[in-house]
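Next up, query-v8.cif (mmCIF, C-alpha atoms):
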data_model
loop_
_atom_site.label_atom_id
_atom_site.label_comp_id
_atom_site.auth_asym_id
_atom_site.auth_seq_id
_atom_site.Cartn_x
_atom_site.Cartn_y
_atom_site.Cartn_z
CA MET A 1 41.56 167.23 174.24
CA SER A 2 39.74 163.95 174.96
CA SER A 3 36.42 165.40 173.75
CA LEU A 4 37.92 167.22 170.75
CA LEU A 5 37.94 164.20 168.41
CA PRO A 6 34.33 163.11 169.12
CA ALA A 7 33.18 166.74 168.83
CA SER A 8 34.90 167.22 165.48
CA PHE A 9 33.50 163.93 164.18
CA ILE A 10 29.95 164.86 165.24
CA ILE A 11 30.20 168.30 163.61
CA ILE A 12 31.44 166.83 160.32
CA LEU A 13 28.86 164.02 160.43
CA THR A 14 26.02 166.49 161.06
CA ILE A 15 27.12 168.71 158.16
CA LEU A 16 27.38 165.70 155.83
CA ILE A 17 23.94 164.45 156.85
CA TYR A 18 22.40 167.87 156.22
CA GLN A 19 24.14 168.21 152.85
CA GLY A 20 22.85 164.77 151.90
CA ALA A 21 19.32 165.76 152.95
CA LEU A 22 19.63 169.00 150.96
CA PHE A 23 20.72 167.04 147.87
CA ILE A 24 17.70 164.75 148.19
CA TYR A 25 15.37 167.73 148.63
CA ARG A 26 16.71 169.43 145.51
CA ARG A 27 16.19 166.25 143.50
CA PHE A 28 12.78 165.36 144.93
CA ARG A 29 10.99 168.46 146.19
CA ARG A 30 8.32 167.02 148.46
CA ILE A 31 6.96 168.06 151.83
CA TYR A 32 8.52 165.04 153.54
CA THR A 33 11.97 165.58 151.95
CA ALA A 34 12.57 168.95 153.68
CA PRO A 35 16.21 168.96 154.90
CA ILE A 36 15.26 169.78 158.49
CA ILE A 37 13.05 166.68 158.62
CA LEU A 38 15.36 164.24 156.82
CA SER A 39 18.48 165.31 158.73
CA THR A 40 16.71 165.26 162.12
CA VAL A 41 15.25 161.79 161.54
CA THR A 42 18.60 160.47 160.26
CA ILE A 43 20.49 161.75 163.29
CA ILE A 44 17.91 160.30 165.70
CA ILE A 45 18.09 156.91 163.98
CA LEU A 46 21.90 156.90 164.13
CA LEU A 47 21.90 157.81 167.83
CA LEU A 48 19.47 154.97 168.55
CA LEU A 49 21.37 152.44 166.42
CA PHE A 50 24.73 153.15 168.06
CA GLY A 51 23.34 153.72 171.56
CA LEU A 52 24.63 157.28 171.80
CA SER A 53 23.10 159.69 174.29
CA TYR A 54 21.95 163.22 173.54
CA ASP A 55 24.74 164.57 175.78
CA THR A 56 27.32 162.71 173.69
CA TYR A 57 25.91 164.15 170.46
CA MET A 58 25.94 167.66 171.94
CA LEU A 59 29.71 167.49 172.41
CA GLY A 60 29.79 168.62 168.80
CA GLY A 61 26.19 169.69 168.36
CA LYS A 62 26.58 172.59 170.79
CA TRP A 63 29.11 174.25 168.46
CA ILE A 64 26.59 174.12 165.63
CA ASP A 65 23.97 175.44 168.03
CA TYR A 66 26.18 178.46 168.76
CA LEU A 67 25.93 179.43 165.09
CA LEU A 68 22.17 179.92 165.44
CA GLY A 69 22.73 183.47 166.71
CA PRO A 70 24.75 184.66 163.69
CA ALA A 71 22.32 182.83 161.38
CA VAL A 72 19.37 184.75 162.85
CA VAL A 73 21.29 188.03 162.52
CA ALA A 74 21.89 187.22 158.83
CA LEU A 75 18.11 187.31 158.33
CA ALA A 76 18.38 191.10 158.65
CA PHE A 77 19.84 191.35 155.12
CA PRO A 78 16.59 190.63 153.23
CA LEU A 79 14.80 192.89 155.72
CA TYR A 80 17.06 195.69 154.57
CA GLN A 81 16.46 194.82 150.93
CA TYR A 82 12.67 195.08 151.28
CA ARG A 83 12.59 197.78 153.99
CA ASP A 84 10.42 200.24 152.02
CA LEU A 85 7.76 197.64 151.19
CA LEU A 86 7.80 196.25 154.72
CA LYS A 87 7.27 199.73 156.18
CA ARG A 88 4.17 200.20 154.03
CA MET A 89 2.84 196.78 154.99
CA LEU A 90 3.62 197.04 158.72
CA LEU A 91 -0.04 197.31 159.84
CA PRO A 92 -1.25 194.18 157.99
CA ILE A 93 1.79 192.28 159.26
CA LEU A 94 1.11 193.40 162.83
CA VAL A 95 -2.60 192.54 162.68
CA GLY A 96 -1.98 189.15 161.05
CA THR A 97 0.75 188.23 163.52
CA SER A 98 -1.43 189.29 166.47
CA VAL A 99 -4.23 187.00 165.27
CA GLY A 100 -1.71 184.21 164.68
CA ALA A 101 -0.22 184.60 168.16
CA PHE A 102 -3.67 184.54 169.78
CA ILE A 103 -4.74 181.44 167.86
CA GLY A 104 -1.41 179.73 168.53
CA VAL A 105 -1.78 180.15 172.29
CA THR A 106 -5.50 179.42 172.58
CA SER A 107 -5.45 176.40 170.25
CA GLY A 108 -2.68 174.70 172.21
CA LEU A 109 -4.28 175.62 175.51
CA LEU A 110 -7.86 174.56 174.74
CA LEU A 111 -7.00 171.41 172.78
CA SER A 112 -4.59 170.12 175.41
CA LYS A 113 -7.11 170.90 178.15
CA TRP A 114 -9.85 169.13 176.17
CA ALA A 115 -7.55 166.11 175.77
CA GLY A 116 -7.16 165.91 179.54
CA PHE A 117 -3.46 166.72 179.76
CA SER A 118 -1.98 167.75 183.10
CA GLU A 119 -1.27 171.39 183.89
CA LEU A 120 2.44 170.65 183.51
CA ILE A 121 1.91 169.59 179.88
CA ILE A 122 -0.49 172.46 179.16
CA HIS A 123 1.95 175.09 180.42
CA SER A 124 4.68 173.49 178.31
CA ILE A 125 2.60 173.37 175.12
CA VAL A 126 1.16 176.92 175.26
CA PRO A 127 4.27 178.71 173.83
CA LYS A 128 4.83 176.12 171.05
CA SER A 129 4.64 178.64 168.20
CA VAL A 130 7.57 180.86 169.20
CA THR A 131 11.32 180.35 169.05
CA THR A 132 12.85 177.88 171.48
CA PRO A 133 14.58 180.29 173.93
CA VAL A 134 11.41 182.38 174.31
CA ALA A 135 9.17 179.29 174.60
CA MET A 136 11.39 177.77 177.28
CA SER A 137 11.37 181.00 179.26
CA ILE A 138 7.56 181.29 179.06
CA ALA A 139 7.12 177.65 180.04
CA GLU A 140 9.46 177.98 183.03
CA SER A 141 7.76 181.12 184.34
CA SER A 142 4.28 179.58 184.05
CA GLY A 143 5.07 176.23 185.65
CA GLY A 144 5.93 174.15 182.57
CA VAL A 145 9.01 172.10 181.76
CA MET A 146 11.65 173.75 179.57
CA PRO A 147 12.91 170.63 177.71
CA LEU A 148 9.31 169.60 177.05
CA ALA A 149 8.51 173.08 175.71
CA ALA A 150 11.48 172.77 173.34
CA VAL A 151 10.08 169.47 172.03
CA PHE A 152 6.68 171.06 171.35
CA VAL A 153 8.38 173.98 169.57
CA MET A 154 10.18 171.50 167.32
CA ILE A 155 6.93 169.66 166.60
CA ALA A 156 5.18 172.94 165.73
CA GLY A 157 8.00 174.02 163.43
CA ILE A 158 8.33 170.73 161.56
CA GLY A 159 4.55 170.31 161.50
CA GLY A 160 4.19 173.72 159.89
CA VAL A 161 6.74 172.85 157.23
CA LEU A 162 4.91 169.58 156.51
CA ILE A 163 1.34 170.83 156.25
CA HIS A 164 1.67 174.46 155.12
CA PRO A 165 1.39 173.68 151.37
CA VAL A 166 -1.94 171.93 151.94
CA VAL A 167 -3.25 174.69 154.24
CA MET A 168 -2.22 177.48 151.89
CA ARG A 169 -3.63 175.70 148.86
CA PHE A 170 -6.91 175.02 150.67
CA SER A 171 -7.18 178.66 151.80
CA ARG A 172 -6.04 179.93 148.38
CA LEU A 173 -3.26 181.94 149.99
CA THR A 174 -0.77 183.00 147.31
CA HIS A 175 0.56 186.40 148.37
CA PRO A 176 4.05 186.34 149.97
CA LEU A 177 2.85 188.72 152.69
CA GLY A 178 0.17 186.30 153.89
CA LYS A 179 2.44 183.27 153.56
CA GLY A 180 5.20 184.98 155.50
CA VAL A 181 2.91 186.03 158.35
CA GLY A 182 1.50 182.52 158.58
CA MET A 183 4.86 180.77 158.58
CA GLY A 184 6.56 183.18 161.00
CA SER A 185 3.73 183.29 163.54
CA ALA A 186 3.02 179.54 163.48
CA SER A 187 6.32 177.80 162.72
CA HIS A 188 8.95 180.31 163.99
CA ALA A 189 12.54 179.86 162.74
CA ILE A 190 11.98 176.55 160.94
CA GLY A 191 9.09 178.01 158.99
CA THR A 192 11.02 181.21 158.34
CA ALA A 193 13.92 179.25 156.87
CA THR A 194 11.50 177.46 154.54
CA SER A 195 9.93 180.78 153.50
CA MET A 196 13.34 182.36 152.90
CA GLU A 197 14.32 179.46 150.67
CA ARG A 198 11.16 179.90 148.58
CA ASP A 199 10.96 183.71 148.36
CA PRO A 200 13.17 186.39 150.00
CA LEU A 201 10.17 188.71 150.46
CA GLU A 202 8.12 185.97 152.10
CA GLY A 203 11.11 185.14 154.29
CA SER A 204 11.51 188.78 155.30
CA VAL A 205 7.86 189.03 156.32
CA SER A 206 8.19 185.72 158.16
CA THR A 207 11.20 187.07 160.07
CA ILE A 208 9.22 190.07 161.28
CA ALA A 209 6.24 187.87 162.16
CA MET A 210 8.52 185.50 164.10
CA VAL A 211 9.97 188.34 166.20
CA LEU A 212 6.60 190.01 166.79
CA SER A 213 5.02 186.68 167.66
CA ALA A 214 7.64 186.04 170.35
CA VAL A 215 6.83 189.39 171.99
CA LEU A 216 3.06 188.97 171.66
CA VAL A 217 2.97 185.41 172.98
CA SER A 218 5.09 186.46 175.96
CA ILE A 219 2.39 189.01 176.78
CA LEU A 220 -0.68 186.93 175.88
CA ALA A 221 0.27 183.51 177.28
CA PRO A 222 0.08 184.27 181.04
CA GLY A 223 -3.28 186.08 180.80
CA LEU A 224 -4.92 183.55 178.48
CA THR A 225 -3.67 180.66 180.60
CA ILE A 226 -5.28 182.17 183.70
CA LEU A 227 -8.48 182.93 181.77
CA PHE A 228 -8.99 179.44 180.33
CA MET A 229 -7.49 177.33 183.10
#
Can the structure in the file be given as structure tokens, please?
Amino acid sequence: MSSLLPASFIIILTILIYQGALFIYRRFRRIYTAPIILSTVTIIILLLLFGLSYDTYMLGGKWIDYLLGPAVVALAFPLYQYRDLLKRMLLPILVGTSVGAFIGVTSGLLLSKWAGFSELIIHSIVPKSVTTPVAMSIAESSGGVMPLAAVFVMIAGIGGVLIHPVVMRFSRLTHPLGKGVGMGSASHAIGTATSMERDPLEGSVSTIAMVLSAVLVSILAPGLTILFM
């Protein structure tokens, strides 16, 4: 009972912060006003201002975290809506996601090695482009640090949301199939949520790319790490 009040307060506060960030985003649609970015930054600032630890926040945050599973399952609805189109486009999606998974692993591996990072950091950064549970598992099995891998996953997701408009405009990418593959294979669930908000078809493709990317990176990461290390 002693932790019930703080947990309830944290849950309500988190929901209010996100709703406030969503309101701002709807009024001022900019890259830097994405709700995931505004709400995350706001919560971090509040924790620092009031001297609250991450463990204290997770008294309530863990209950929100539990809802991630049902939220991912809900992504199956648009998949069902566009099932016929997605079946016809399965080969391009598979090829695009495979290329994205390969680039995601090799870019993190080679750039971090070039920068002189330790093997511990390299093993933690390699699976940055897949969902957090998968990335943490890959990092642990290869000699990385699971919490550090989760941080890199967050950076990749938010980074993708921030820069994808510029990248897609520069590459003249306008088709929802290409956008979805790019977002799902590079920015996992955070990118998929952004795609789903913009276009259900793009979000559906991004969902498939996110799932395929997790499987492909799990297979590619160990071999590529051995090859380039």
(Q) Applying the PyMOL selection byres ((chain A and resi 18-28) around 12) to the file I just gave you, which residues come out? Please list them as a count of residues only. (A) 23
Q) Skipping near chain neighbours, those fewer than 4 positions away, what residues fall within 10 Å of segment 146-161 of chain A using only C-alpha atoms, listed as a PyMOL selection string? A) chain A and resi 31-32+34+36-37+104+120-141+165+167+182-184+186-195
Q: Excluding Thr207 of chain A and any residue of its chain fewer than 2 positions from it, enumerate the residues within 10 Å of it, using only C-alpha atoms, and give them as JSON, numbers by chain.
A: {"A": [72, 75, 76, 78, 79, 180, 181, 183, 184, 185, 188, 189, 191, 192, 193, 195, 196, 201, 202, 203, 204, 205, 209, 210, 211, 212, 213]}
(Q) Taking 6 positions as the minimum chain separation for residues in the same chain, which residues sit within 9 Å of Leu216 of chain A when counting all atoms listed in the file? Answer as a list in words. (A)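 In the requested format, the answer is Thr97, Ser98, Ala101 and Phe102 of chain A.
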(Q) One number please: atom CA of Val73 of chain A to atom CA of Arg198 of chain A, in Å, one decimal. (A)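 Interatomic distance, atom CA of Val73 of chain A to atom CA of Arg198 of chain A: 19.1 Å.
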Q) Could you work out how far atom CA of Ile103 of chain A lies from atom CA of Gly144 of chain A, giving the answer in Å with one decimal? A)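 Taking atom CA of Gly144 of chain A and atom CA of Ile103 of chain A, their separation equals 19.6 Å.
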